[in-house]
Every structure is written in C-alpha cells, then in structure tokens.
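Here the structure comes first, spelled out in structure tokens, and everything after it is commentary.
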Amino acid sequence: MSTPKEELVELILNNKKAFSKKKSELNDEIDLSEAELSLCSLDGMDLSDIDFSGATFAESSLVDVNFSNCDLTSADFSRCRIEECDFSGCILNGTNFSYATLNFCNFNEADMAGCVLNEAELTDSDFTTSENLSACRFDEGTIWPDNEKLPEDFDSTYNYDLSSLQDDEENSQNQGYEY
C-alpha cells in the first residue's frame, strides 16, 4: 500500500519526525514527482533517494537538507536560499537553480547536464567530482566557487551555450551565391 503524494508532502512541510518514520517504513521508491514545495522552509531533513522530478521548491529556504541520490530532473529551485545541503549523486538534468543562493552545498558525483545556474551564487559549494558541469547553463551573473571546488576541466568563464547562439546576418546574406 503506497502513501499518497499529498500526505507525504504534508508531512515534509509540517511534521519532520512523522515523515522520517513514514520514509523508513516505505520499502519501495518514494515518488514525489511534480510535488509542490514552493515558499517552504526545510531544515535538517533527510530527503535522500526520492524521485522529485518536476517538483517545485521555488523561493524556499533549505538548510542542511540531504537530497543525496535524488532524481531532481527538471525540478525548480529558482530564487531559493540553500545552505549546507547534500546533492551528491543526484540527477540534476534540467534542474533550475536560477537566482538561487547555494552556500556550502555538496554536488559531488551529481549529473549537472542541462542544469540552469543563471544568476546563481554558488559560493563555497563543492562541484569537484560533479559530472557534465560543462553541459550546464550559466551566465555572466553566475558566481562560482574557487577553482579548487570545480572540476579540473571546467571553465567558468565560458558562458555561451547552444541557446545563446545567434545567426550572423551578414554571413548568411552575403555568401556570394548566384541563383
């Protein structure tokens, strides 16, 4: 017998101990995909190994939350204040951290492909062994941690991706072709 998503979300938001107990009782994978957790405040919670794909945490305050090994594909963390959270081993494909502040977070072995970090402040977060960081989206407003907390092959000064490519009108109009 599975627990409805709404009940689990309610426990996360209002009863941390009851959620921890329920999580330990559930042997099957917990599916909280597309859960609505915006504007919440979570502190010291174990949310590891949960499917949060498509979930919304926008404008929340998250402190010391363990998201390790979660599927956070296309989750929305925009404008969040995130401190000392563990995202190690997460799937962060298409996850939106735009305008978020992420301090002292662990992103080791997280798959960052397609992750959106526009205007994000990543001070003191650890990306050393993150995967596909060069396939994330960021802009000149993204504040990166020091180089020793980034993968060796990552260049944080390069901020152009396929979505920013523009047609060069002069080259496309003046090719010298005659019809």
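Here, A, B, ... name the chains of the structure tokens in the order displayed, residue numbers run from 1 inside each chain, and ligands are numbered from 1 in the same displayed order.
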
>> Could you go through chain A and tell me which residues DSSP, when run on the backbone, assigns to strand (DSSP E), listing them as a list in words?
In response: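 Across chain A, those assigned strand (DSSP E) are Ile30, Asp31, Ser41, Leu42, Asp43, Ile50, Asp51, Ser61, Leu62, Val63, Arg81, Ile82, Glu83, Thr101, Leu102 and Asn103 of chain A.
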
At a cut-off of 12 Å, can you tabulate as CSV every residue of stretch 28-146 of chain A near stretch 7-17 of chain A together with its closest atom pair and the distance in Å to one decimal, using only C-alpha atoms and ordering rows by chain then number?
residue,atom,partner,partner_atom,distance
A:Ile30,CA,A:Leu8,CA,9.2
A:Asp31,CA,A:Leu8,CA,9.6
A:Leu32,CA,A:Val9,CA,7.8
A:Ser33,CA,A:Val9,CA,10.7
A:Glu34,CA,A:Val9,CA,10.8
A:Ala35,CA,A:Val9,CA,7.2
A:Glu36,CA,A:Val9,CA,7.8
A:Leu37,CA,A:Val9,CA,7.5
A:Ser38,CA,A:Leu13,CA,10.3
A:Leu39,CA,A:Leu13,CA,10.4
A:Cys40,CA,A:Leu13,CA,7.1
A:Ser41,CA,A:Leu13,CA,7.8
A:Leu42,CA,A:Leu13,CA,7.3
A:Asp43,CA,A:Lys16,CA,9.1
A:Gly44,CA,A:Lys16,CA,8.8
A:Met45,CA,A:Lys16,CA,7.0
A:Asp46,CA,A:Lys16,CA,9.0
A:Leu47,CA,A:Ile12,CA,8.8
A:Ile50,CA,A:Leu8,CA,11.3
A:Phe52,CA,A:Val9,CA,11.0
A:Ala55,CA,A:Val9,CA,10.8
A:Thr56,CA,A:Val9,CA,11.6
A:Phe57,CA,A:Leu13,CA,11.5
A:Ser60,CA,A:Leu13,CA,11.3
A:Ser61,CA,A:Leu13,CA,11.9
A:Leu62,CA,A:Leu13,CA,11.7
A:Val65,CA,A:Ile12,CA,11.4

Only C-alpha atoms, please: the residues just picked out, written as an mmCIF file, in the first residue's frame.
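Everything below was put into again_7.cif:
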data_model
loop_
_atom_site.group_PDB
_atom_site.id
_atom_site.type_symbol
_atom_site.label_atom_id
_atom_site.label_comp_id
_atom_site.auth_asym_id
_atom_site.auth_seq_id
_atom_site.Cartn_x
_atom_site.Cartn_y
_atom_site.Cartn_z
ATOM 1 C CA ILE A 30 9.169 7.243 -2.959
ATOM 2 C CA ASP A 31 7.692 9.159 -5.879
ATOM 3 C CA LEU A 32 7.157 12.846 -5.179
ATOM 4 C CA SER A 33 7.495 13.907 -8.794
ATOM 5 C CA GLU A 34 5.847 17.234 -9.542
ATOM 6 C CA ALA A 35 5.313 17.893 -5.808
ATOM 7 C CA GLU A 36 4.592 21.498 -4.820
ATOM 8 C CA LEU A 37 7.022 22.646 -2.115
ATOM 9 C CA SER A 38 7.349 26.342 -3.004
ATOM 10 C CA LEU A 39 7.800 29.007 -0.351
ATOM 11 C CA CYS A 40 8.595 26.448 2.339
ATOM 12 C CA SER A 41 11.293 26.318 4.983
ATOM 13 C CA LEU A 42 13.029 22.971 5.487
ATOM 14 C CA ASP A 43 15.832 22.426 7.985
ATOM 15 C CA GLY A 44 17.745 19.263 8.858
ATOM 16 C CA MET A 45 15.703 16.801 6.797
ATOM 17 C CA ASP A 46 16.663 13.546 5.118
ATOM 18 C CA LEU A 47 15.022 13.588 1.686
ATOM 19 C CA ILE A 50 13.358 10.299 -3.526
ATOM 20 C CA PHE A 52 11.463 14.769 -7.053
ATOM 21 C CA ALA A 55 8.973 19.193 -8.243
ATOM 22 C CA THR A 56 8.846 22.879 -7.321
ATOM 23 C CA PHE A 57 10.848 24.273 -4.392
ATOM 24 C CA SER A 60 12.136 28.193 -0.395
ATOM 25 C CA SER A 61 14.717 28.181 2.376
ATOM 26 C CA LEU A 62 16.569 24.864 2.576
ATOM 27 C CA VAL A 65 18.710 19.026 3.734
#

>> To one decimal place in Å, what is the distance between atom CA of A:Thr157 and atom CA of A:Arg81?
In response: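 Rounded to one decimal, the two atoms are 24.0 Å apart.
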
>> What's around stretch 74-79 of chain A at 7 Å? Count only C-alpha atoms, leave out sequence neighbours fewer than 3 positions away in its own chain, and write the answer as a PyMOL selection string.
In response: chain A and resi 52-59+93-100

> Residues at most 7 Å from stretch 126-143 of chain A, counting only C-alpha atoms, excluding those fewer than 2 positions away in the same chain, as a VMD selection string?
Replying inline: chain A and resid 105 to 124 145 149 to 151 154 159 161

Nearby residues (only C-alpha atoms) at most 6 Å from A:Cys70, same-chain spacing under 4 positions excluded, as a PDB file with N, CA and C atoms, in the first residue's frame:
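The resulting out.pdb:
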ATOM      1  N   SER A  48      16.743  11.995   1.038  1.00  0.00           N
ATOM      2  CA  SER A  48      17.563  11.231   0.097  1.00  0.00           C
ATOM      3  C   SER A  48      16.750  10.140  -0.597  1.00  0.00           C
ATOM      4  N   ASP A  49      17.214   9.771  -1.777  1.00  0.00           N
ATOM      5  CA  ASP A  49      16.661   8.653  -2.548  1.00  0.00           C
ATOM      6  C   ASP A  49      15.190   8.812  -2.925  1.00  0.00           C
ATOM      7  N   ILE A  50      14.752  10.033  -3.164  1.00  0.00           N
ATOM      8  CA  ILE A  50      13.358  10.299  -3.526  1.00  0.00           C
ATOM      9  C   ILE A  50      13.311  10.838  -4.951  1.00  0.00           C
ATOM     10  N   ASP A  51      12.265  10.466  -5.695  1.00  0.00           N
ATOM     11  CA  ASP A  51      12.053  10.999  -7.030  1.00  0.00           C
ATOM     12  C   ASP A  51      11.301  12.318  -6.904  1.00  0.00           C
ATOM     13  N   CYS A  90      22.994  13.124  -7.257  1.00  0.00           N
ATOM     14  CA  CYS A  90      21.678  13.492  -7.807  1.00  0.00           C
ATOM     15  C   CYS A  90      21.706  13.581  -9.321  1.00  0.00           C
TER      16      CYS A  90
END

> To one decimal place, how far is atom CA of A:Glu84 from atom CA of A:Asp146 in Å?
Replying inline: 16.7 Å

>> Restricting the calculation to only C-alpha atoms: of A:Trp144, A:Phe104, A:Lys5, A:Ser68, which residue gets closest to A:Ile82?
In response: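 Using only C-alpha atoms, A:Ile82 sits closest to A:Phe104.
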
>> I need the residues of stretch 51-158 of chain A that end up classed as helix (DSSP H, G or I) by DSSP on the backbone, written out as a PyMOL selection string.
In response: chain A and resi 133-135+147-149

> What gap, in Å, lies between atom CA of A:Leu72 and atom CA of A:Lys23?
Replying inline: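 Interatomic distance, atom CA of A:Leu72 to atom CA of A:Lys23: 17.8 Å.
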
> From the list A:Pro4, A:Leu102, A:Asp71, A:Asp64, which residue is nearest A:Lys22 when using only C-alpha atoms?
Replying inline: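 Answer, going by the shortest atom-to-atom distance: A:Pro4.
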